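What follows is one structure encoded as C-alpha cells, with my remarks underneath.
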Amino acid sequence: MCARVLVLAALLISLAACGGQSSSSIDPSSLEGGIVQTRGAVPSGAPPAAFGELPLRARPASWPFDDGAPRTSGTGRYAYGAYYWTDFIYDANGAKGPNVPFYRIGTPTGGSLNYPQASMAGNGADLFVVALGRRNGELFLRVDWQTLIDHSVPVAAFAVDNQPGGSDSWPGIAGLRSPGVDALVLLSANGAFIDYKDGNGPQLFAPVTVDMEARTFVAALPEDSLATDTPWTLYVASGINDGEGGFLNDNAGFRSLPNQPPVFNLAFRDYDDEPALFNFWFDESQSTALNTGDVSAFSQQIDWTRMGETEPEPLRYGYSNRWYISSVSGSELGDGSFAGGLDRSEAGVVADPGYYDAVQPYGIYIPSSYLPSSAAPSLYTWLLHSFTQNHNQYSASVPNFLLAACETLRQSVCVSPLGRGSAGYYEAAAELDFWEVWRDVAAHFNIDSEAVFTAGYSMGAIGSINLMVKYPEVFFGGVILAGSHADAQLLPCSLDNNGCVESKGPELMENLKWNGYYQAHGTFDQLVPFPDARATADGMRDFGYRYVFDHYLAEDHIVWTLKDAGYSAFQKAAQWMVQWQSSEEQRRSAPGELVYRWEPHMVNLDWGLGPRGAWWLEDVQAADGAEYAEIRAQSGALPEPEMLTKANVGELIFPDATTLSPAVRDSLSWELGSLENATGELRASLTQVAALTINLQEAAIAERAEKRIELDSDGPYQLRLIGLPTGQRVQAAGQSLQASNGSVVLTMPAGESTVVFP
C-alpha cells in the first residue's frame, strides 16, 4: 500500500493524524458508563426515517453468549464470556490479480479477486464478525458473514498456534503461511473440521449450525479438541467452499495469479495495519500480504482466562468505520433483483443502489476533544462523498479537509455514509441510508443537533443542497464544493440522458433563507460546468440570502480534490464553518417568515422520506398531479427585523501557506434594521397545496388574545391547526368548530379566506 503513496513527506504528518489516533488517546474505560446513549440527538424537522428504535442484530440460538460484537470495524473485545472481532465491511477482495475490477474504479480496492457464481452475490466470503468462547465443556467458534445468500458458498479457516513448535503452512490452502500453526479448523456448512497437521488431514469434529437470518456459522467443539490452558495466537481467513468443506482454488474463476492463495478476507487487521490514506476499503495491506502469502501480521492473542471480562465498547479517536443495521435490504432495494451482496458488474460503478445487505458501513471521525460523558455535546458534520466514491473518500484522498473540518480548525464528530453505493445522489435508498446512519450516530454519540453542517464534493455537494432544500429546518449550514443545483440559462434547454429538457432554476433554494451557505468551484471543472455553479450561487444572491462563493481560478474537478492529499485545498471552506458557527451559534428556530417549496415526487411514505414541511408548517401535501407546491408564510407574532443586504464582489484571495491556489470571492451578508411590533396575524399564500398543518404554538400565535389567519390559495385544501388552547373556538369558510386535544381540521376553498378565533 505504501508504494502507492507518492505524496510528499509533509503528507505523512497529516496522514498520521487523519488515519486514526489510537483509542488509547482517551481511555474509554476511564469514562463512567462508557459511551453515552444520547437519544433525541436527531433534530426536529427530520423525516420519520431518522427516528424510532435501532434494529437489533438477529441472535443465533446456537450461540450461548450475549452479543458483544464491537460497532467499530477493525476492533475487538472480550465481552459476556466470549471474544468478538468486528472486521471491515466489503473488504473481501483477496490479492491483487491481473484484472482490476471496473465496478470500483473510483474507489480502487487493494485486491481484485472475482466471485464467479451468482450465488456468491459478489461478496460471499466477507467476514463480518469472528467470535469464540468456552462454556460447559464446549469450545464455540462463530463466523458472521456480511453477505450470505447461499449457505454452501463460504468457508472460514481458524489457524491456531497454542503450543510450542508448529509450522507455517495452512494445510489445504495453497500459498498461505504464518508462523507456528499447530492446528487448522475449517468452518463451513459441511461441518467443523480440524487438521492437526499430523498427516491425517481434516477430521470432522462437529456440525456447523447455520442461521441464515443472522448470517452465522456456529460450531460447538469438544473443549479438549484444542487446548485452551495457554493463550492462542489466532489467524482467520475466508474463501469459497470447494463443496467438501475446504478452500476452492480456482485461478480462472477468481481471476487470480497462480501463486496467489484462494483467500478473500483476513480477520484481525486494525487501523495500524490498514492506514487510511488511499485505502478506500481498508484492504490494501491485506492485498499486499496475500500477494506474498505471508499473513503473519494479522493475528489476535486469545487469552482464555479473560473470557469472563466484559470490556467497554471500543471508542476509537480519529477516523474509523462503523456499522449499523438498515430497515431495508436485498430485494426491497432497486429493481428487486439482488437478494444481498453487491453489484460487481461493469455497471456497478454507477449502480444505484450498489450494496444490498442489511448491515451497512459508514465512516466517522471522532475529534480528540470528544468526551462521551461531557455535558457539552460535540459539533456534528456530514461529509458526503462524490460520484464513484465511497464512505472513505475523505480519509483516503481528501485528508486535509477532513482534519481541518473535524479536528484542527474545529472539533466535530464527522460522518460519511456509503449511501448504498457510489451514485445515489442522496435520494431514495441513498437518502434512507443517510437518515438511518444519523439515527445510529445519535444513539451512540454525544452530538449537538442544533448546529449541523452538511458538506460534500461533487455529488456530495449536490446531495447537500438537495437535503437542505427538503429539510431546511434541520441544517445549520451547507458547504458546497464543486457542485451545483441550478442550470446556467445559456441555452434554450439542458442536455441530459433524456435529451433536451427544461433548464433547472434555483427556485427550491428559496427555502434556504435561514441556512448558512458556502460554495467553491473551479473555472475548469470538467463534470459540473462552472456556469451552473455560478447560476447556483447567483440564486442565493438574487434571493437576498447570505452566501459565500469562492471562484478558484485555476482549478478543475478531478485534480482539485486530489490536491488535498498534499495540502489543504479546502481550508477556506473549513474556515467559513468556524466563522459561521461563531456568528450564528446554532440553527434558526421558528423564523417569523419562510418559503417552503417542494417536489411531491420526492415523498416516499413507505420509507419515511421526503419533504413534509419546516418549522411551524407541518404535514404538507401537494395537489394531485402537481410537479411542485409552495407555501409562503409569515407569523406576525415572530417579527423579523428589516434585513439590509451588503454585497461584497470580486475580493481576491491570494494563495497562502495552506491553500496554494488563488480565488475570487463574492459574498452577501445582512445588516439588521428596525423591528416591528408583534401581532397576532399569520398570513400564508398556497400554490398547488392540498393539505397542511400549522403549529400555532410554534408560530407563537396560539396564546395571543387577538389572532387571525389570512390565507390565499389557488385551489381547495385541508387546513389542520394544532397547538390551540383547550376549547378554543375556530371559525372559517362557514365552519365553526371547537378545538379537540388542541387541534381542529378545516375544509378550505380556493381563493382568499380568513380564520378567526372568537
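To be explicit about the labels: the chains of the C-alpha cells are called A, B, and onward in the order shown, and within each one the residues are counted from 1, while ligands get numbers from 1 in the order they are shown.
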
Excluding Phe264 (chain A) and any residue of its chain fewer than 4 positions from it, enumerate the residues within 7 Å of it, using only C-alpha atoms, and give them as a list in words.
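Those residues are Ala92, Asn93, Gly94, Ala125, Ser238 and Gly239 of chain A.
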
So which residues touch Ser449 (chain A) within 9 Å, counting only C-alpha atoms, skipping near sequence neighbours fewer than 4 positions away, as a PyMOL selection string?
chain A and resi 40-44+377+379-380+442+474-475+586-587

Could those residues be written to a file, using all heavy atoms, as a compact mmCIF listing (two decimals), in the first residue's frame?
```txt
# COMPACT_ATOMS: atom_id res chain seq x y z
N GLY A 40 -32.54 11.32 20.98
CA GLY A 40 -33.07 12.64 20.73
C GLY A 40 -32.10 13.59 20.10
O GLY A 40 -32.37 14.78 20.01
N ALA A 41 -30.94 13.10 19.66
CA ALA A 41 -29.96 13.99 19.05
C ALA A 41 -30.20 14.17 17.56
O ALA A 41 -29.41 14.81 16.90
CB ALA A 41 -28.54 13.47 19.29
N VAL A 42 -31.26 13.58 17.01
CA VAL A 42 -31.69 13.90 15.66
C VAL A 42 -32.62 15.10 15.76
O VAL A 42 -33.56 15.09 16.55
CB VAL A 42 -32.40 12.72 14.99
CG1 VAL A 42 -32.90 13.10 13.61
CG2 VAL A 42 -31.48 11.51 14.90
N PRO A 43 -32.39 16.16 15.01
CA PRO A 43 -33.15 17.40 15.22
C PRO A 43 -34.57 17.34 14.71
O PRO A 43 -34.92 16.53 13.86
CB PRO A 43 -32.33 18.44 14.44
CG PRO A 43 -31.65 17.65 13.37
CD PRO A 43 -31.35 16.31 13.98
N SER A 44 -35.39 18.24 15.24
CA SER A 44 -36.73 18.42 14.71
C SER A 44 -36.63 18.82 13.25
O SER A 44 -35.67 19.44 12.82
CB SER A 44 -37.46 19.51 15.50
OG SER A 44 -36.76 20.74 15.40
N PRO A 377 -22.26 18.65 24.22
CA PRO A 377 -22.13 17.69 23.12
C PRO A 377 -21.19 18.20 22.03
O PRO A 377 -20.94 19.40 21.91
CB PRO A 377 -23.56 17.56 22.60
CG PRO A 377 -24.23 18.84 23.00
CD PRO A 377 -23.60 19.24 24.29
N LEU A 379 -19.84 19.11 18.27
CA LEU A 379 -20.35 19.53 16.97
C LEU A 379 -20.51 18.31 16.07
O LEU A 379 -19.84 17.29 16.25
CB LEU A 379 -19.40 20.53 16.32
CG LEU A 379 -19.18 21.86 17.05
CD1 LEU A 379 -18.14 22.69 16.30
CD2 LEU A 379 -20.48 22.62 17.21
N TYR A 380 -21.37 18.45 15.07
CA TYR A 380 -21.66 17.31 14.19
C TYR A 380 -21.67 17.80 12.74
O TYR A 380 -22.33 18.80 12.42
CB TYR A 380 -23.00 16.69 14.55
CG TYR A 380 -23.32 15.42 13.81
CD1 TYR A 380 -22.44 14.35 13.82
CD2 TYR A 380 -24.51 15.28 13.09
CE1 TYR A 380 -22.73 13.17 13.15
CE2 TYR A 380 -24.82 14.12 12.42
CZ TYR A 380 -23.92 13.06 12.46
OH TYR A 380 -24.21 11.91 11.78
N ALA A 442 -26.65 9.19 16.53
CA ALA A 442 -27.31 9.87 17.64
C ALA A 442 -27.52 8.94 18.83
O ALA A 442 -27.53 9.39 19.98
CB ALA A 442 -28.64 10.44 17.18
N VAL A 474 -33.53 21.47 9.50
CA VAL A 474 -32.59 20.53 10.12
C VAL A 474 -31.17 21.08 10.16
O VAL A 474 -30.44 20.89 11.14
CB VAL A 474 -32.61 19.18 9.35
CG1 VAL A 474 -31.49 18.27 9.81
CG2 VAL A 474 -33.97 18.51 9.53
N PHE A 475 -30.75 21.77 9.09
CA PHE A 475 -29.33 22.05 8.90
C PHE A 475 -28.96 23.48 9.28
O PHE A 475 -29.67 24.43 8.96
CB PHE A 475 -28.94 21.78 7.44
CG PHE A 475 -29.11 20.34 7.05
CD1 PHE A 475 -30.22 19.94 6.32
CD2 PHE A 475 -28.18 19.38 7.44
CE1 PHE A 475 -30.39 18.61 5.97
CE2 PHE A 475 -28.35 18.05 7.09
CZ PHE A 475 -29.45 17.66 6.36
N GLN A 586 -26.12 28.57 16.31
CA GLN A 586 -26.90 27.36 16.06
C GLN A 586 -27.97 27.64 15.01
O GLN A 586 -28.18 28.78 14.60
CB GLN A 586 -27.55 26.86 17.34
CG GLN A 586 -28.56 27.80 17.95
CD GLN A 586 -29.14 27.25 19.24
OE1 GLN A 586 -28.48 26.55 19.98
NE2 GLN A 586 -30.40 27.57 19.51
N ARG A 587 -28.63 26.56 14.57
CA ARG A 587 -29.66 26.68 13.53
C ARG A 587 -30.79 27.58 14.00
O ARG A 587 -31.04 27.75 15.20
CB ARG A 587 -30.19 25.30 13.15
CG ARG A 587 -30.96 24.63 14.28
CD ARG A 587 -31.45 23.25 13.88
NE ARG A 587 -32.14 22.59 14.99
CZ ARG A 587 -33.27 21.90 14.88
NH1 ARG A 587 -33.85 21.76 13.71
NH2 ARG A 587 -33.82 21.32 15.93
```

Shortest contact to Gly608 (chain A), candidates A:Trp145, A:Tyr365, A:Trp435, A:Tyr552, atoms counted only C-alpha atoms, goes to A:Trp435

Residues near Arg134 (chain A), cut-off 10 Å, only C-alpha atoms, skip fewer than 6 positions along chain, as a ChimeraX atom specification:
/A:64-65,81-83,140-141,220-223,228,304,307-308

Kindly save the residues from that selection, with C-alpha atoms included, as a short mmCIF file (atom, residue, chain, number, x, y, z; two decimals), in the first residue's frame.
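part_7.cif was written with the following content:
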```
data_model
loop_
_atom_site.label_atom_id
_atom_site.label_comp_id
_atom_site.auth_asym_id
_atom_site.auth_seq_id
_atom_site.Cartn_x
_atom_site.Cartn_y
_atom_site.Cartn_z
CA PRO A 64 -24.87 -19.28 24.19
CA PHE A 65 -23.42 -15.80 24.84
CA GLY A 81 -17.94 -14.78 28.20
CA ALA A 82 -16.57 -14.63 24.65
CA TYR A 83 -14.13 -12.73 22.45
CA PHE A 140 -17.63 -22.36 20.48
CA LEU A 141 -16.41 -20.86 17.21
CA ALA A 220 -19.58 -26.34 19.31
CA LEU A 221 -16.38 -28.40 19.58
CA PRO A 222 -15.38 -30.63 22.49
CA GLU A 223 -13.26 -28.44 24.78
CA THR A 228 -7.02 -23.66 25.99
CA TRP A 304 -8.87 -17.78 27.72
CA MET A 307 -13.31 -14.75 28.84
CA GLY A 308 -15.17 -13.65 31.97
#
```

Let's see if you can do this: from backbone DSSP, list all strand (DSSP E or B) residues in region 76-169 of chain A, as an MDAnalysis selection string.
chainID A and resid 76:79 82:86 127:135 138:145 154:161 167:169

Could you build a table of the residues in region 66-169 of chain A lying no more than 7 Å from region 267-271 of chain A, giving for each the nearest pair of atoms and their separation in Å rounded to one decimal place, using only C-alpha atoms, ordered by chain and ascending residue number, as a Markdown table?
```
| residue | atom | partner | partner_atom | distance |
| --- | --- | --- | --- | --- |
| A:Gly74 | CA | A:Asp270 | CA | 4.5 |
| A:Thr75 | CA | A:Asp270 | CA | 6.4 |
| A:Asp87 | CA | A:Ala267 | CA | 6.1 |
```

Could the residues in this selection be written to a file with all heavy atoms, as a compact mmCIF listing (two decimals), in the first residue's frame?
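The new file again_22.txt reads:
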```txt
# COMPACT_ATOMS: atom_id res chain seq x y z
N GLY A 74 -12.65 -3.26 12.60
CA GLY A 74 -11.22 -3.28 12.88
C GLY A 74 -10.90 -3.22 14.36
O GLY A 74 -9.81 -2.80 14.74
N THR A 75 -11.85 -3.64 15.21
CA THR A 75 -11.62 -3.66 16.65
C THR A 75 -12.20 -4.94 17.24
O THR A 75 -13.07 -5.60 16.65
CB THR A 75 -12.27 -2.46 17.37
OG1 THR A 75 -13.69 -2.55 17.27
CG2 THR A 75 -11.79 -1.14 16.78
N ASP A 87 -14.87 -7.13 11.72
CA ASP A 87 -13.99 -6.87 10.58
C ASP A 87 -14.52 -5.70 9.75
O ASP A 87 -15.66 -5.25 9.92
CB ASP A 87 -13.90 -8.13 9.71
CG ASP A 87 -12.73 -8.09 8.74
OD1 ASP A 87 -11.63 -7.70 9.17
OD2 ASP A 87 -12.92 -8.41 7.56
```

Using only C-alpha atoms, which residues sit within 9 Å of Leu248 (chain A) once same-chain residues fewer than 4 positions away are excluded, as a list in words?
Ile173, Gly239, Ile240, Asn241, Asp242, Gly243 and Pro262 of chain A

Taking C-alpha atoms for each residue, export the selection above as a PDB file, in the first residue's frame.
```pdb
ATOM      1  CA  ILE A 173      -4.857 -23.573   1.463  1.00  0.00           C
ATOM      2  CA  GLY A 239     -12.656 -18.318   0.976  1.00  0.00           C
ATOM      3  CA  ILE A 240     -15.099 -20.217  -1.197  1.00  0.00           C
ATOM      4  CA  ASN A 241     -16.213 -23.713  -0.183  1.00  0.00           C
ATOM      5  CA  ASP A 242     -14.999 -26.418  -2.559  1.00  0.00           C
ATOM      6  CA  GLY A 243     -18.102 -28.473  -1.790  1.00  0.00           C
ATOM      7  CA  PRO A 262      -7.503 -18.649  -2.717  1.00  0.00           C
TER       8      PRO A 262
END
```

Closest-contact table, region 336-362 of chain A side, partner region 420-430 of chain A, 9 Å, counting only C-alpha atoms, as JSON lines:
```
{"residue": "A:Gly348", "atom": "CA", "partner": "A:Ser422", "partner_atom": "CA", "distance": 8.5}
{"residue": "A:Val349", "atom": "CA", "partner": "A:Ser422", "partner_atom": "CA", "distance": 6.6}
{"residue": "A:Val350", "atom": "CA", "partner": "A:Ala423", "partner_atom": "CA", "distance": 5.2}
{"residue": "A:Ala351", "atom": "CA", "partner": "A:Ala423", "partner_atom": "CA", "distance": 6.2}
{"residue": "A:Asp352", "atom": "CA", "partner": "A:Gly424", "partner_atom": "CA", "distance": 5.3}
{"residue": "A:Pro353", "atom": "CA", "partner": "A:Arg420", "partner_atom": "CA", "distance": 5.3}
{"residue": "A:Gly354", "atom": "CA", "partner": "A:Gly421", "partner_atom": "CA", "distance": 4.7}
{"residue": "A:Tyr355", "atom": "CA", "partner": "A:Arg420", "partner_atom": "CA", "distance": 5.1}
{"residue": "A:Tyr356", "atom": "CA", "partner": "A:Arg420", "partner_atom": "CA", "distance": 7.2}
{"residue": "A:Gln360", "atom": "CA", "partner": "A:Arg420", "partner_atom": "CA", "distance": 7.8}
```

So, counting only C-alpha atoms, which residue among A:Pro60, A:Gly673, A:Gly751, A:Gly175 is closest to Asp712 (chain A)?
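Smallest distance to Asp712 (chain A) is found for A:Gly751.
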